[in-house]
Amino acid sequence: MTSPQGRGGGHGRHGKPQGVSLLPLATFVWGAPGPRPKPRTRTEHCLVWVTRGHLGLDFPRREHRLGVGDLRYIPAGTAFASIPMRDTEGYVALIPSALIQDMRAILPADGIAGHIGATSPALLECLRKLAACEAREIFAPLAGLAEILEGLSPLDRHAPSRPQQTADRPLAERFLTLARHQPLGQVSVADLARKLDSNVATLDRACLAARGMRAVEMLNKLRLELAVELLRQSNQTPAGIAAQLGYSSLAHFTRSFVAATGRTPDAFRAQLC
């Protein structure tokens with residue numbers, strides 16, 4: 001039961017350092033095979049951030065449970081296992097160790113556990129920049145990430161997160177709740193907006209304020225989460241899952257799944273066995 005190896009040691013076929021992978025946390029099952037994944041080392045530095053639900057992280061001599069807003073930085077070469085729990089959401093950034101050496105960017109040498117708090121929008125922007133950058137342009141966002149890590153509140157004394165005060169938050173949550181109970185292969189963002197007595201522009205503003213994503217991005221993320229659940233818990237073929245969730249074709253589903261997780265649907269299912 002393992003997650004993708006990321007991008008190996010950080011170099012492509014021609015020896016050039018590759019960039020950062022940004023994966024949905026729900027897909028990040030990592031560890032040596034067994035009834036429960038056992039700690040196993042990775043060649044990348046890992047940054048694990050929980051935005052919903054809980055995540056279990058097992059180290060050789062201790063276990064940790066991360067909740068909403070918690071973040072863990074795990075240096076390359078650390079043995080650990082990752083067990084996302086049901087309804088877990090968040091992000092995993094895989095940073096090739098060779099990239100740090102090549103760019104001379106400074107990230108912590110030791111593991112860090114903290115609570116991201118009010119800095120979460122800055123962290124999300126930083127992670128998206130890292131995932132979009134070519135390796136040769138990655139120094140600035142890596143330096144920004146290092147600065148964010150230095151400002152973390154330790155987990156054992158972080159203050160409770162402040163509730164969202166924006167009036168648009170309930171609309172975004174109602175959108176997600178409604179989408180989860182719809183046949184996603186037959187509805188669009190516009191359909192869902194009408195069911196909520198809203199429109200796409202208003203819904204986009206609500207979703208950006210609450211989750212930092214447009215409504216269509218949230219819907220695509222939900223499709224991916226449901227695809228992961230179906231691959232784990234059902235015997236449906238990838239083609240059947242693609243049709244059920246509204247992908248235009250199996251190829252479209254496969255491309256989206258690989259872009260998000262680094263694996264094909266078949267490879268993801270095989271690694272769970």
# chains A, B, ... in the order shown; residues from 1 in each chain; ligands from 1
call {"tool": "residues_around", "arguments": {"residues": "range 47-51 of chain A", "least_positions_apart": "2", "cutoff": "7 Å", "atoms": "only C-alpha atoms", "output": "MDAnalysis selection string"}}
result
chainID A and resid 45 54 66:74 89:94
call {"tool": "select_by_dssp", "arguments": {"residues": "range 79-218 of chain A", "states": "helix (DSSP H, G or I)", "output": "VMD selection string"}}
result
chain A and resid 97 to 103 117 to 132 135 to 137 139 to 150 155 to 157 169 to 180 189 to 195 200 to 211 215 to 218
call {"tool": "closest_residue", "arguments": {"among": "A:Asn235, A:Asn220, A:Thr119, A:Thr177", "to": "Glu150 in chain A", "atoms": "only C-alpha atoms"}}
result
A:Thr119
call {"tool": "residues_around", "arguments": {"residues": "range 27-30 of chain A", "least_positions_apart": "3", "cutoff": "9 Å", "atoms": "only C-alpha atoms", "output": "list in words"}}
result
Met1, Thr2, Ser3, Pro4, Leu23, Pro24, Pro33, Pro37, Lys38, Pro39, Arg40, Phe80, Ala81, Ser82, Ile83, Pro84, Tyr91, Val92, Glu225, Val228, Ala260, Thr261, Phe268 and Leu272 of chain A
call {"tool": "write_last_selection", "arguments": {"atoms": "C-alpha atoms", "output": "PDB file, in the first residue's frame"}}
result
ATOM      1  CA  MET A   1       0.000   0.000   0.000  1.00  0.00           C
ATOM      2  CA  THR A   2       2.087   2.885  -1.259  1.00  0.00           C
ATOM      3  CA  SER A   3       1.721   6.306  -2.807  1.00  0.00           C
ATOM      4  CA  PRO A   4       3.699   7.412  -5.876  1.00  0.00           C
ATOM      5  CA  LEU A  23      -0.988  16.133  -4.624  1.00  0.00           C
ATOM      6  CA  PRO A  24      -4.391  15.898  -2.901  1.00  0.00           C
ATOM      7  CA  PRO A  33       2.852  -2.990   2.473  1.00  0.00           C
ATOM      8  CA  PRO A  37       1.282   0.802   6.249  1.00  0.00           C
ATOM      9  CA  LYS A  38       4.631   0.697   8.067  1.00  0.00           C
ATOM     10  CA  PRO A  39       7.171   3.568   8.085  1.00  0.00           C
ATOM     11  CA  ARG A  40       9.229   3.775   4.927  1.00  0.00           C
ATOM     12  CA  PHE A  80       7.112   7.417   8.023  1.00  0.00           C
ATOM     13  CA  ALA A  81       3.718   6.098   6.990  1.00  0.00           C
ATOM     14  CA  SER A  82       0.753   8.221   5.927  1.00  0.00           C
ATOM     15  CA  ILE A  83      -2.834   7.084   6.476  1.00  0.00           C
ATOM     16  CA  PRO A  84      -5.530   9.556   5.313  1.00  0.00           C
ATOM     17  CA  TYR A  91      -2.273  18.983   0.190  1.00  0.00           C
ATOM     18  CA  VAL A  92       1.028  17.149  -0.035  1.00  0.00           C
ATOM     19  CA  GLU A 225     -12.149  12.473  -4.268  1.00  0.00           C
ATOM     20  CA  VAL A 228     -10.485   7.720  -5.218  1.00  0.00           C
ATOM     21  CA  ALA A 260      -3.503  15.029  -9.499  1.00  0.00           C
ATOM     22  CA  THR A 261      -1.968  11.867  -8.024  1.00  0.00           C
ATOM     23  CA  PHE A 268      -3.605   3.495  -7.755  1.00  0.00           C
ATOM     24  CA  LEU A 272      -4.015  -0.592  -2.424  1.00  0.00           C
TER      25      LEU A 272
END
call {"tool": "closest_residue", "arguments": {"among": "A:Leu226, A:Cys46, A:Leu250, A:Leu99", "to": "Thr78 in chain A", "atoms": "only C-alpha atoms"}}
result
A:Cys46
call {"tool": "residues_around", "arguments": {"residues": "Val187 in chain A", "least_positions_apart": "6", "cutoff": "10 Å", "atoms": "only C-alpha atoms", "output": "ChimeraX atom specification"}}
result
/A:179,245-246
call {"tool": "write_last_selection", "arguments": {"atoms": "N, CA and C atoms", "output": "short mmCIF file (atom, residue, chain, number, x, y, z; two decimals), in the first residue's frame"}}
result
data_model
loop_
_atom_site.label_atom_id
_atom_site.label_comp_id
_atom_site.auth_asym_id
_atom_site.auth_seq_id
_atom_site.Cartn_x
_atom_site.Cartn_y
_atom_site.Cartn_z
N ALA A 179 -23.50 19.30 -4.20
CA ALA A 179 -22.75 18.57 -5.23
C ALA A 179 -22.52 17.12 -4.82
N LEU A 245 -18.88 9.83 -13.10
CA LEU A 245 -18.50 11.11 -12.53
C LEU A 245 -18.46 12.25 -13.55
N GLY A 246 -18.83 11.96 -14.80
CA GLY A 246 -18.97 13.04 -15.76
C GLY A 246 -17.73 13.40 -16.55
#
call {"tool": "closest_residue", "arguments": {"among": "A:Lys221, A:Asp58, A:Ala79, A:Gly262", "to": "Val20 in chain A", "atoms": "only C-alpha atoms"}}
result
A:Gly262
call {"tool": "select_by_dssp", "arguments": {"residues": "range 19-228 of chain A", "states": "strand (DSSP E or B)", "output": "mmCIF file with C-alpha atoms, in the first residue's frame"}}
result
data_model
loop_
_atom_site.group_PDB
_atom_site.id
_atom_site.type_symbol
_atom_site.label_atom_id
_atom_site.label_comp_id
_atom_site.auth_asym_id
_atom_site.auth_seq_id
_atom_site.Cartn_x
_atom_site.Cartn_y
_atom_site.Cartn_z
ATOM 1 C CA SER A 21 4.629 17.752 -7.113
ATOM 2 C CA LEU A 22 1.448 18.973 -5.400
ATOM 3 C CA LEU A 23 -0.988 16.133 -4.624
ATOM 4 C CA PRO A 24 -4.391 15.898 -2.901
ATOM 5 C CA TRP A 30 2.453 5.869 1.937
ATOM 6 C CA ALA A 32 5.566 -0.467 3.410
ATOM 7 C CA LYS A 38 4.631 0.697 8.067
ATOM 8 C CA ARG A 40 9.229 3.775 4.927
ATOM 9 C CA THR A 41 11.644 6.460 3.698
ATOM 10 C CA GLU A 44 11.767 13.822 -1.374
ATOM 11 C CA HIS A 45 11.122 16.389 1.332
ATOM 12 C CA CYS A 46 7.394 16.170 2.152
ATOM 13 C CA LEU A 47 5.089 18.929 3.305
ATOM 14 C CA VAL A 48 1.735 17.608 4.567
ATOM 15 C CA TRP A 49 -1.138 20.044 5.219
ATOM 16 C CA VAL A 50 -4.595 19.056 6.486
ATOM 17 C CA THR A 51 -7.519 21.326 5.559
ATOM 18 C CA ARG A 52 -10.328 18.939 6.513
ATOM 19 C CA LEU A 55 -4.436 12.316 8.952
ATOM 20 C CA GLY A 56 -2.433 9.665 10.766
ATOM 21 C CA LEU A 57 1.359 9.882 10.459
ATOM 22 C CA ASP A 58 3.323 6.950 11.872
ATOM 23 C CA PHE A 59 7.047 7.255 12.571
ATOM 24 C CA ARG A 62 5.795 7.501 17.600
ATOM 25 C CA GLU A 63 2.452 8.267 16.005
ATOM 26 C CA HIS A 64 0.933 11.642 15.194
ATOM 27 C CA ARG A 65 -2.601 12.658 14.293
ATOM 28 C CA LEU A 66 -2.959 15.891 12.342
ATOM 29 C CA ASP A 70 -2.052 21.293 11.018
ATOM 30 C CA LEU A 71 1.056 21.020 8.900
ATOM 31 C CA ARG A 72 4.042 18.682 9.028
ATOM 32 C CA TYR A 73 7.342 19.121 7.200
ATOM 33 C CA ILE A 74 9.208 15.796 6.816
ATOM 34 C CA ALA A 79 10.852 6.936 7.593
ATOM 35 C CA PHE A 80 7.112 7.417 8.023
ATOM 36 C CA ALA A 81 3.718 6.098 6.990
ATOM 37 C CA SER A 82 0.753 8.221 5.927
ATOM 38 C CA ILE A 83 -2.834 7.084 6.476
ATOM 39 C CA PRO A 84 -5.530 9.556 5.313
ATOM 40 C CA GLU A 89 -8.679 16.880 2.545
ATOM 41 C CA GLY A 90 -5.498 18.855 2.150
ATOM 42 C CA TYR A 91 -2.273 18.983 0.190
ATOM 43 C CA VAL A 92 1.028 17.149 -0.035
ATOM 44 C CA ALA A 93 4.023 18.878 -1.614
ATOM 45 C CA LEU A 94 6.852 16.558 -2.681
ATOM 46 C CA ILE A 95 10.116 18.496 -3.064
ATOM 47 C CA PRO A 96 12.991 16.537 -4.650
ATOM 48 C CA ILE A 112 8.605 20.583 11.844
ATOM 49 C CA ALA A 113 5.030 20.239 13.110
ATOM 50 C CA GLY A 114 2.877 23.322 13.407
ATOM 51 C CA HIS A 115 -0.459 25.012 12.857
ATOM 52 C CA SER A 153 2.765 28.094 15.595
ATOM 53 C CA PRO A 154 3.827 24.870 17.369
#
call {"tool": "atom_distance", "arguments": {"atom1": "CA of Glu134 in chain A", "atom2": "CA of Ala215 in chain A"}}
result
27.3 Å
call {"tool": "closest_residue", "arguments": {"among": "A:Glu137, A:Leu123, A:Pro60, A:Pro108", "to": "Gly31 in chain A", "atoms": "only C-alpha atoms"}}
result
A:Pro60
call {"tool": "atom_distance", "arguments": {"atom1": "CA of Gly212 in chain A", "atom2": "CA of Val200 in chain A"}}
result
15.5 Å
